[in-house]
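File shown here: query_33.txt, holding compact mmCIF, C-alpha atoms.
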```txt
# COMPACT_ATOMS: atom_id res chain seq x y z
CA MET C 1 0.00 0.00 0.00
CA ALA C 2 1.16 3.51 -0.70
CA LEU C 3 2.08 5.51 2.38
CA SER C 4 0.21 8.78 2.84
CA LYS C 5 2.37 11.88 3.17
CA ASP C 6 0.88 12.77 6.54
CA SER C 7 0.59 9.27 8.02
CA PRO C 8 2.42 8.50 11.27
CA PRO C 9 5.94 7.03 11.05
CA SER C 10 6.38 3.28 10.43
CA THR C 11 2.84 2.84 9.12
CA SER C 12 1.16 1.79 5.93
CA THR C 13 -2.10 3.24 4.66
CA ASP C 14 -4.45 0.35 3.94
CA LEU C 15 -7.69 0.78 2.03
CA PHE C 16 -10.91 -0.89 3.16
CA LEU C 17 -14.40 -0.93 1.60
CA ASN C 18 -13.01 -0.07 -1.82
CA GLY C 19 -11.19 2.97 -0.48
CA LYS C 20 -14.08 4.39 1.56
CA LEU C 21 -11.93 3.87 4.65
CA LYS C 22 -8.24 4.73 4.74
CA ILE C 23 -6.65 3.02 7.72
CA TYR C 24 -3.21 3.63 9.20
CA GLN C 25 -1.72 0.33 10.38
CA SER C 26 1.66 -0.19 11.97
CA LYS C 27 4.24 -2.26 10.13
CA GLU C 28 5.48 -3.52 13.50
CA TRP C 29 2.14 -4.64 14.95
CA PHE C 30 -0.63 -7.08 14.06
CA LYS C 31 -2.63 -5.77 11.09
CA SER C 32 -6.37 -6.19 10.53
CA GLY C 33 -7.57 -7.74 7.28
CA SER C 34 -10.59 -9.46 5.77
CA ASP C 35 -11.72 -11.07 9.06
CA ALA C 36 -12.33 -7.59 10.50
CA VAL C 37 -14.50 -6.59 7.53
CA PHE C 38 -16.50 -9.83 7.61
CA LEU C 39 -17.09 -9.35 11.34
CA SER C 40 -18.21 -5.74 10.82
CA ALA C 41 -20.69 -6.90 8.16
CA PHE C 42 -22.40 -9.34 10.53
CA PRO C 43 -24.16 -7.09 13.11
CA HIS C 44 -27.21 -5.08 12.09
CA ILE C 45 -27.19 -2.31 14.68
CA LYS C 46 -29.60 0.60 14.37
CA THR C 47 -29.78 1.66 18.01
CA GLY C 48 -27.93 1.17 21.27
CA ASN C 49 -24.35 1.55 22.42
CA VAL C 50 -21.57 -0.64 21.06
CA LEU C 51 -18.24 -1.83 22.45
CA GLU C 52 -15.44 -3.40 20.43
CA VAL C 53 -13.04 -5.39 22.62
CA GLY C 54 -9.53 -5.66 21.20
CA CYS C 55 -10.12 -2.86 18.72
CA GLY C 56 -6.56 -2.65 17.34
CA THR C 57 -6.43 0.13 14.76
CA GLY C 58 -10.23 0.41 14.76
CA VAL C 59 -11.14 -1.32 11.50
CA VAL C 60 -14.25 -3.13 12.79
CA SER C 61 -15.58 -0.09 14.65
CA LEU C 62 -14.96 2.28 11.74
CA CYS C 63 -16.63 -0.08 9.25
CA LEU C 64 -19.65 -0.28 11.56
CA ALA C 65 -19.74 3.49 11.98
CA ARG C 66 -19.63 3.95 8.22
CA GLN C 67 -22.58 1.57 7.82
CA PHE C 68 -24.68 2.84 10.75
CA PRO C 69 -24.21 6.61 11.16
CA SER C 70 -26.59 6.92 14.13
CA ILE C 71 -24.73 4.61 16.51
CA LYS C 72 -21.94 5.36 18.98
CA ILE C 73 -19.04 2.93 19.31
CA GLU C 74 -16.34 2.59 21.93
CA GLY C 75 -13.21 0.51 21.36
CA ILE C 76 -10.66 -0.70 23.89
CA ASP C 77 -7.28 -2.34 23.47
CA THR C 78 -4.32 -2.94 25.76
CA GLN C 79 -1.81 -1.75 23.14
CA LYS C 80 -1.43 2.02 23.39
CA GLU C 81 0.24 2.37 19.99
CA LEU C 82 -2.71 0.72 18.24
CA VAL C 83 -5.24 2.82 20.14
CA MET C 84 -3.42 5.97 19.04
CA LEU C 85 -3.64 4.80 15.43
CA ALA C 86 -7.36 4.02 15.88
CA GLN C 87 -7.93 7.54 17.19
CA GLU C 88 -6.09 8.97 14.21
CA ASN C 89 -8.04 6.73 11.82
CA ALA C 90 -11.34 7.97 13.26
CA LYS C 91 -10.28 11.57 12.68
CA LYS C 92 -8.95 10.98 9.18
CA ASN C 93 -12.18 9.23 8.14
CA ASN C 94 -14.44 11.87 9.75
CA LEU C 95 -15.83 9.32 12.22
CA ALA C 96 -14.44 10.73 15.47
CA SER C 97 -17.91 11.91 16.52
CA GLN C 98 -19.11 8.29 16.45
CA CYS C 99 -16.05 6.35 17.58
CA ARG C 100 -14.03 6.67 20.78
CA PHE C 101 -10.94 4.52 21.35
CA ILE C 102 -9.22 4.10 24.71
CA VAL C 103 -6.50 1.99 26.29
CA GLY C 104 -8.16 -0.67 28.42
CA ASP C 105 -7.83 -4.29 29.53
CA ILE C 106 -10.76 -6.70 29.35
CA THR C 107 -9.59 -8.26 32.64
CA SER C 108 -10.28 -4.97 34.44
CA PRO C 109 -12.52 -3.00 32.07
CA PRO C 110 -13.30 0.66 32.76
CA TYR C 111 -17.05 -0.12 32.63
CA GLU C 112 -19.70 -1.54 34.90
CA LYS C 113 -21.10 -4.95 34.00
CA GLN C 114 -24.09 -4.99 31.63
CA THR C 115 -23.25 -1.58 30.16
CA PHE C 116 -23.51 -2.23 26.42
CA ASP C 117 -26.32 -3.25 24.08
CA HIS C 118 -23.82 -4.80 21.66
CA VAL C 119 -20.29 -6.17 22.13
CA VAL C 120 -18.17 -7.06 19.11
CA THR C 121 -14.84 -8.87 19.34
CA ASN C 122 -12.24 -10.68 17.24
CA PRO C 123 -10.53 -12.66 20.03
CA PRO C 124 -6.80 -13.50 19.94
CA TYR C 125 -7.42 -17.14 19.06
CA PHE C 126 -3.92 -18.26 18.07
CA ASN C 127 -2.91 -19.04 21.66
CA THR C 128 -1.91 -22.63 20.80
CA SER C 129 0.40 -21.62 17.96
CA SER C 130 4.09 -20.79 18.23
CA PRO C 131 4.44 -17.13 19.24
CA SER C 132 5.63 -14.69 16.61
CA PRO C 133 9.24 -13.51 17.07
CA ASN C 134 7.81 -9.99 16.89
CA PRO C 135 6.62 -9.33 20.49
CA ASN C 136 3.96 -6.85 19.33
CA ILE C 137 2.35 -9.37 16.98
CA ALA C 138 2.76 -12.14 19.55
CA LEU C 139 0.77 -10.09 22.07
CA ALA C 140 -2.12 -9.68 19.62
CA LYS C 141 -2.19 -13.35 18.59
CA ASN C 142 -1.17 -15.09 21.82
CA HIS C 143 -2.90 -13.27 24.66
CA SER C 144 -2.32 -14.39 28.24
CA ILE C 145 -6.10 -14.79 28.73
CA CYS C 146 -7.54 -18.04 27.42
CA PRO C 147 -10.15 -17.53 24.66
CA LYS C 148 -13.00 -18.88 26.81
CA LYS C 149 -12.24 -16.38 29.59
CA TRP C 150 -11.95 -13.55 27.04
CA ILE C 151 -15.46 -14.25 25.75
CA GLN C 152 -16.87 -14.57 29.29
CA LEU C 153 -15.42 -11.17 30.20
CA CYS C 154 -16.93 -9.67 27.05
CA ALA C 155 -20.28 -11.29 27.86
CA ASP C 156 -20.28 -9.70 31.31
CA LEU C 157 -20.44 -6.27 29.65
CA VAL C 158 -23.56 -7.09 27.61
CA LYS C 159 -26.93 -5.88 28.89
CA PRO C 160 -29.76 -8.40 29.39
CA ARG C 161 -31.22 -9.20 25.96
CA GLY C 162 -28.20 -7.52 24.37
CA PHE C 163 -26.00 -9.14 21.74
CA ILE C 164 -22.44 -10.38 21.29
CA TYR C 165 -20.76 -10.95 17.91
CA CYS C 166 -17.44 -12.60 17.15
CA ILE C 167 -15.44 -14.47 14.52
CA TYR C 168 -13.68 -17.64 15.59
CA PRO C 169 -12.10 -20.88 14.30
CA VAL C 170 -14.63 -23.63 13.69
CA ALA C 171 -12.28 -26.15 15.35
CA GLN C 172 -12.71 -24.37 18.71
CA ILE C 173 -16.35 -23.34 18.47
CA GLU C 174 -17.25 -25.26 21.64
CA LEU C 175 -15.24 -22.70 23.66
CA ILE C 176 -17.59 -19.92 22.55
CA VAL C 177 -20.74 -21.90 23.31
CA GLN C 178 -19.42 -22.85 26.76
CA ALA C 179 -18.43 -19.27 27.53
CA LEU C 180 -21.86 -17.94 26.54
CA ASN C 181 -23.88 -20.20 28.82
CA HIS C 182 -26.36 -17.42 29.64
CA PHE C 183 -27.00 -16.67 25.97
CA GLY C 184 -29.42 -18.11 23.45
CA GLY C 185 -30.60 -17.52 19.90
CA PHE C 186 -27.18 -18.42 18.49
CA HIS C 187 -26.60 -17.73 14.80
CA PHE C 188 -23.64 -19.52 13.20
CA PHE C 189 -22.46 -18.29 9.80
CA PRO C 190 -19.55 -20.34 8.38
CA LEU C 191 -16.95 -18.80 6.08
CA TRP C 192 -15.77 -21.43 3.58
CA PRO C 193 -12.24 -20.76 2.22
CA LYS C 194 -13.27 -22.46 -1.04
CA GLU C 195 -16.34 -24.44 -2.05
CA SER C 196 -14.33 -27.67 -1.81
CA THR C 197 -12.63 -26.78 1.50
CA PRO C 198 -14.04 -27.23 5.02
CA SER C 199 -14.92 -24.07 6.89
CA LYS C 200 -12.16 -22.72 9.14
CA ARG C 201 -13.75 -19.49 10.41
CA ILE C 202 -17.27 -18.90 11.65
CA LEU C 203 -19.22 -15.76 12.56
CA ILE C 204 -21.26 -16.09 15.74
CA LYS C 205 -24.10 -13.97 17.11
CA ALA C 206 -25.90 -14.65 20.41
CA GLN C 207 -28.39 -12.85 22.66
CA LYS C 208 -28.15 -12.63 26.43
CA ASN C 209 -30.82 -14.11 28.72
CA VAL C 210 -33.06 -15.53 26.00
CA THR C 211 -34.09 -19.11 25.19
CA LYS C 212 -34.49 -18.73 21.43
CA PRO C 213 -33.42 -21.67 19.21
CA SER C 214 -30.05 -21.69 17.46
CA VAL C 215 -29.60 -21.49 13.69
CA ILE C 216 -26.73 -22.70 11.49
CA HIS C 217 -26.73 -20.74 8.23
CA LYS C 218 -25.44 -21.82 4.85
CA GLY C 219 -22.63 -19.30 5.18
CA MET C 220 -20.47 -17.95 2.38
CA VAL C 221 -17.67 -19.21 0.16
CA VAL C 222 -14.86 -16.64 0.33
CA HIS C 223 -12.57 -17.69 -2.55
CA ASN C 224 -13.04 -19.19 -5.98
CA GLU C 225 -10.93 -22.24 -6.86
CA ASP C 226 -8.35 -19.94 -8.50
CA GLY C 227 -7.92 -17.99 -5.23
CA THR C 228 -9.82 -14.85 -6.27
CA TYR C 229 -12.65 -13.59 -4.09
CA THR C 230 -16.17 -14.79 -4.88
CA LYS C 231 -18.83 -12.24 -5.84
CA ASP C 232 -20.42 -12.51 -2.39
CA ALA C 233 -17.10 -11.88 -0.64
CA GLU C 234 -16.26 -9.00 -2.99
CA ALA C 235 -19.62 -7.40 -2.24
CA ILE C 236 -18.78 -7.34 1.47
CA LEU C 237 -15.08 -6.48 1.27
CA ARG C 238 -15.32 -3.87 -1.51
CA GLU C 239 -18.90 -2.59 -1.51
CA GLY C 240 -19.73 -2.79 2.19
CA LYS C 241 -22.70 -5.11 1.78
CA ARG C 242 -24.22 -6.60 4.93
CA ILE C 243 -24.48 -10.28 5.80
CA ILE C 244 -28.19 -10.97 5.99
CA ILE C 245 -29.35 -13.71 8.37
```

Will you turn the file into structure tokens for me?
Amino acid sequence: MALSKDSPPSTSTDLFLNGKLKIYQSKEWFKSGSDAVFLSAFPHIKTGNVLEVGCGTGVVSLCLARQFPSIKIEGIDTQKELVMLAQENAKKNNLASQCRFIVGDITSPPYEKQTFDHVVTNPPYFNTSSPSPNPNIALAKNHSICPKKWIQLCADLVKPRGFIYCIYPVAQIELIVQALNHFGGFHFFPLWPKESTPSKRILIKAQKNVTKPSVIHKGMVVHNEDGTYTKDAEAILREGKRIII
């Protein structure tokens, strides 16, 4: 990506939603990609307050703000450098009135329990992999909190009948279900790498303190056999289309 003249040092300027969002991301830290955009396309939020846990450079929050101009979003992350970039990204994309980013730790959040109508998170789910030699990337991918505890802490911040949304590996989906034992109305939306390849990632939505039945959706194939994005994936990644469930 071309580096903007006025971007902070050691950053790239990455384009999201076909250039509608210009995002500064550090070359030395974990960078958001397609998972963040797919996650942002999953919630349909017209009212209520929203928290993104582990906001990084703010991609999910800023995509949501672009789609739903009436909502307010708060993002927290333990990594000060990423929060500073998220704040700058909100300003540069004229979304600072909707998005507020602060340094915060989910283990001791600066909020009372049951504060938010919606909580969105892309948990650090690579905790069983070998840590990256880059300590900044290792922190983002291999958090000291186990994934189940991370989701439980996020769930504590959701109001009764509020919603949580996340993207997670299919192979560890039972961790999410176990962590959300006071939630119901689960929606599972698989992302298939290719039509002939088993799903590796899944989008999950659940509602607190309800007993609604769960639904497994057909999901979406992300790549054609030649590795290019499918039309459905392109519509989300480039055009900002929503995932309808």

Per residue of range 147-224 of chain C within 9 Å of range 95-108 of chain C, record the nearest atom pair and its distance in Å to one decimal, counting only C-alpha atoms, with rows in chain order and ascending residue number, as a tab-separated table.
```
residue	atom	partner	partner_atom	distance
C:Trp150	CA	C:Ile106	CA	7.3
C:Leu153	CA	C:Ile106	CA	6.5
C:Cys154	CA	C:Ile106	CA	7.2
```

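CA of Tyr168 in chain C lies 21.6 Å from CA of Ile73 in chain C.
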
Which of C:Cys146, C:Lys27, C:Ala155, C:Leu85 sits closest to Glu52 in chain C [using only C-alpha atoms]
C:Ala155

Using only C-alpha atoms and a cutoff of 10 Å, can you tell me which residues are near (-24.8, -10.3, 11.1) in the file's coordinates, and write them out as a PyMOL selection string?
chain C and resi 38-45+165-166+187-189+203-205+242-245

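From CA of Asp156 in chain C back to CA of Lys208 in chain C, the distance works out to 9.7 Å.
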
So, with only C-alpha atoms as the atoms that count, which of C:Leu237, C:Leu175, C:Leu51, C:Val210 lies closest to Asn18 in chain C?
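Answer, going by the shortest atom-to-atom distance: C:Leu237.
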
Please provide as a short mmCIF file (atom, residue, chain, number, x, y, z; two decimals) with C-alpha atoms, in the frame of the given file all residues within 8 Å of Val37 in chain C, with the sequence filter that same-chain residues fewer than 5 positions apart are discarded (counting all atoms listed in the file).
```
data_model
loop_
_atom_site.label_atom_id
_atom_site.label_comp_id
_atom_site.auth_asym_id
_atom_site.auth_seq_id
_atom_site.Cartn_x
_atom_site.Cartn_y
_atom_site.Cartn_z
CA VAL C 59 -11.14 -1.32 11.50
CA VAL C 60 -14.25 -3.13 12.79
CA CYS C 63 -16.63 -0.08 9.25
CA ILE C 236 -18.78 -7.34 1.47
CA LEU C 237 -15.08 -6.48 1.27
#
```

Computed interatomic separation between CA of Glu174 in chain C and CA of Ala233 in chain C (Å)
26.0 Å

Residues around (-29.7, -13.8, 20.7), cut-off 6 Å, counting all atoms listed in the file - what are they as a ChimeraX atom specification?
/C:184-186,206-207

Which residue gives the smallest distance to Asp35 in chain C among C:Pro147, C:Gly48, C:Pro193, C:Gly19, with all atoms listed in the file counted?
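That would be C:Pro193, the residue with the smallest distance to Asp35 in chain C.
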
Of the candidates C:Gln172, C:Ser199, C:Thr11, C:Gln25, which one gets nearest to His223 in chain C if we count all atoms listed in the file?
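When distances to His223 in chain C are compared using all atoms listed in the file, the smallest one comes from C:Ser199.
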
Skipping near chain neighbours, those fewer than 4 positions away, what residues fall within 9 Å of Thr115 in chain C using only C-alpha atoms, listed as a ChimeraX atom specification?
/C:49,111,156-159

Counting all atoms listed in the file, the option among C:Val120, C:Ala86, C:Ile145, C:Ile216 closest to Leu64 in chain C:
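Closest to Leu64 in chain C of all the choices is C:Val120.
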
Counting all atoms listed in the file, which residue out of C:Lys80, C:Lys92, C:Arg238, C:Lys212 sits closest to Leu17 in chain C?
C:Arg238

Residues near Trp192 in chain C, cut-off 8 Å, all atoms listed in the file, skip fewer than 4 positions along chain, as a PyMOL selection string
chain C and resi 197-201+219-223

Neighbouring residues of Thr47 in chain C were defined as those with any atom within 9 Å, considering all atoms listed in the file; residues of the same chain fewer than 2 positions away were excluded. Please report them as an MDAnalysis selection string.
chainID C and resid 45 49 68 70:72 117

Atoms added to range 194-215 of chain C (N, CA and C atoms), reported as a PDB file, in the frame of the given file:
```
ATOM      1  N   LYS C 194     -12.874 -22.136   0.329  1.00  0.00           N
ATOM      2  CA  LYS C 194     -13.270 -22.460  -1.040  1.00  0.00           C
ATOM      3  C   LYS C 194     -14.444 -23.425  -0.964  1.00  0.00           C
ATOM      4  N   GLU C 195     -15.162 -23.569  -2.059  1.00  0.00           N
ATOM      5  CA  GLU C 195     -16.340 -24.440  -2.050  1.00  0.00           C
ATOM      6  C   GLU C 195     -15.963 -25.880  -1.695  1.00  0.00           C
ATOM      7  N   SER C 196     -14.756 -26.291  -2.047  1.00  0.00           N
ATOM      8  CA  SER C 196     -14.330 -27.670  -1.810  1.00  0.00           C
ATOM      9  C   SER C 196     -13.527 -27.837  -0.519  1.00  0.00           C
ATOM     10  N   THR C 197     -13.464 -26.777   0.288  1.00  0.00           N
ATOM     11  CA  THR C 197     -12.630 -26.780   1.500  1.00  0.00           C
ATOM     12  C   THR C 197     -13.487 -26.614   2.743  1.00  0.00           C
ATOM     13  N   PRO C 198     -13.256 -27.398   3.789  1.00  0.00           N
ATOM     14  CA  PRO C 198     -14.040 -27.230   5.020  1.00  0.00           C
ATOM     15  C   PRO C 198     -13.897 -25.831   5.610  1.00  0.00           C
ATOM     16  N   SER C 199     -14.942 -25.389   6.263  1.00  0.00           N
ATOM     17  CA  SER C 199     -14.920 -24.070   6.890  1.00  0.00           C
ATOM     18  C   SER C 199     -13.896 -24.018   8.010  1.00  0.00           C
ATOM     19  N   LYS C 200     -13.151 -22.919   8.070  1.00  0.00           N
ATOM     20  CA  LYS C 200     -12.160 -22.720   9.140  1.00  0.00           C
ATOM     21  C   LYS C 200     -12.564 -21.592  10.084  1.00  0.00           C
ATOM     22  N   ARG C 201     -13.303 -20.615   9.598  1.00  0.00           N
ATOM     23  CA  ARG C 201     -13.750 -19.490  10.410  1.00  0.00           C
ATOM     24  C   ARG C 201     -15.270 -19.481  10.438  1.00  0.00           C
ATOM     25  N   ILE C 202     -15.818 -18.994  11.547  1.00  0.00           N
ATOM     26  CA  ILE C 202     -17.270 -18.900  11.650  1.00  0.00           C
ATOM     27  C   ILE C 202     -17.643 -17.617  12.386  1.00  0.00           C
ATOM     28  N   LEU C 203     -18.657 -16.932  11.892  1.00  0.00           N
ATOM     29  CA  LEU C 203     -19.220 -15.760  12.560  1.00  0.00           C
ATOM     30  C   LEU C 203     -20.310 -16.228  13.508  1.00  0.00           C
ATOM     31  N   ILE C 204     -20.326 -15.653  14.698  1.00  0.00           N
ATOM     32  CA  ILE C 204     -21.260 -16.090  15.740  1.00  0.00           C
ATOM     33  C   ILE C 204     -21.976 -14.867  16.316  1.00  0.00           C
ATOM     34  N   LYS C 205     -23.284 -14.992  16.448  1.00  0.00           N
ATOM     35  CA  LYS C 205     -24.100 -13.970  17.110  1.00  0.00           C
ATOM     36  C   LYS C 205     -24.939 -14.671  18.165  1.00  0.00           C
ATOM     37  N   ALA C 206     -25.070 -14.073  19.358  1.00  0.00           N
ATOM     38  CA  ALA C 206     -25.900 -14.650  20.410  1.00  0.00           C
ATOM     39  C   ALA C 206     -26.514 -13.529  21.231  1.00  0.00           C
ATOM     40  N   GLN C 207     -27.646 -13.837  21.870  1.00  0.00           N
ATOM     41  CA  GLN C 207     -28.390 -12.850  22.660  1.00  0.00           C
ATOM     42  C   GLN C 207     -28.441 -13.285  24.115  1.00  0.00           C
ATOM     43  N   LYS C 208     -28.248 -12.331  25.001  1.00  0.00           N
ATOM     44  CA  LYS C 208     -28.150 -12.630  26.430  1.00  0.00           C
ATOM     45  C   LYS C 208     -29.527 -12.830  27.068  1.00  0.00           C
ATOM     46  N   ASN C 209     -29.624 -13.835  27.913  1.00  0.00           N
ATOM     47  CA  ASN C 209     -30.820 -14.110  28.720  1.00  0.00           C
ATOM     48  C   ASN C 209     -32.067 -14.370  27.885  1.00  0.00           C
ATOM     49  N   VAL C 210     -31.907 -15.099  26.794  1.00  0.00           N
ATOM     50  CA  VAL C 210     -33.060 -15.530  26.000  1.00  0.00           C
ATOM     51  C   VAL C 210     -32.950 -17.040  25.778  1.00  0.00           C
ATOM     52  N   THR C 211     -34.061 -17.662  25.425  1.00  0.00           N
ATOM     53  CA  THR C 211     -34.090 -19.110  25.190  1.00  0.00           C
ATOM     54  C   THR C 211     -34.499 -19.419  23.748  1.00  0.00           C
ATOM     55  N   LYS C 212     -34.150 -18.529  22.830  1.00  0.00           N
ATOM     56  CA  LYS C 212     -34.490 -18.730  21.430  1.00  0.00           C
ATOM     57  C   LYS C 212     -33.664 -19.886  20.844  1.00  0.00           C
ATOM     58  N   PRO C 213     -34.184 -20.570  19.816  1.00  0.00           N
ATOM     59  CA  PRO C 213     -33.420 -21.670  19.210  1.00  0.00           C
ATOM     60  C   PRO C 213     -32.217 -21.153  18.424  1.00  0.00           C
ATOM     61  N   SER C 214     -31.244 -22.028  18.235  1.00  0.00           N
ATOM     62  CA  SER C 214     -30.050 -21.690  17.460  1.00  0.00           C
ATOM     63  C   SER C 214     -30.260 -22.005  15.986  1.00  0.00           C
ATOM     64  N   VAL C 215     -29.491 -21.312  15.138  1.00  0.00           N
ATOM     65  CA  VAL C 215     -29.600 -21.490  13.690  1.00  0.00           C
ATOM     66  C   VAL C 215     -28.193 -21.599  13.104  1.00  0.00           C
TER      67      VAL C 215
END
```
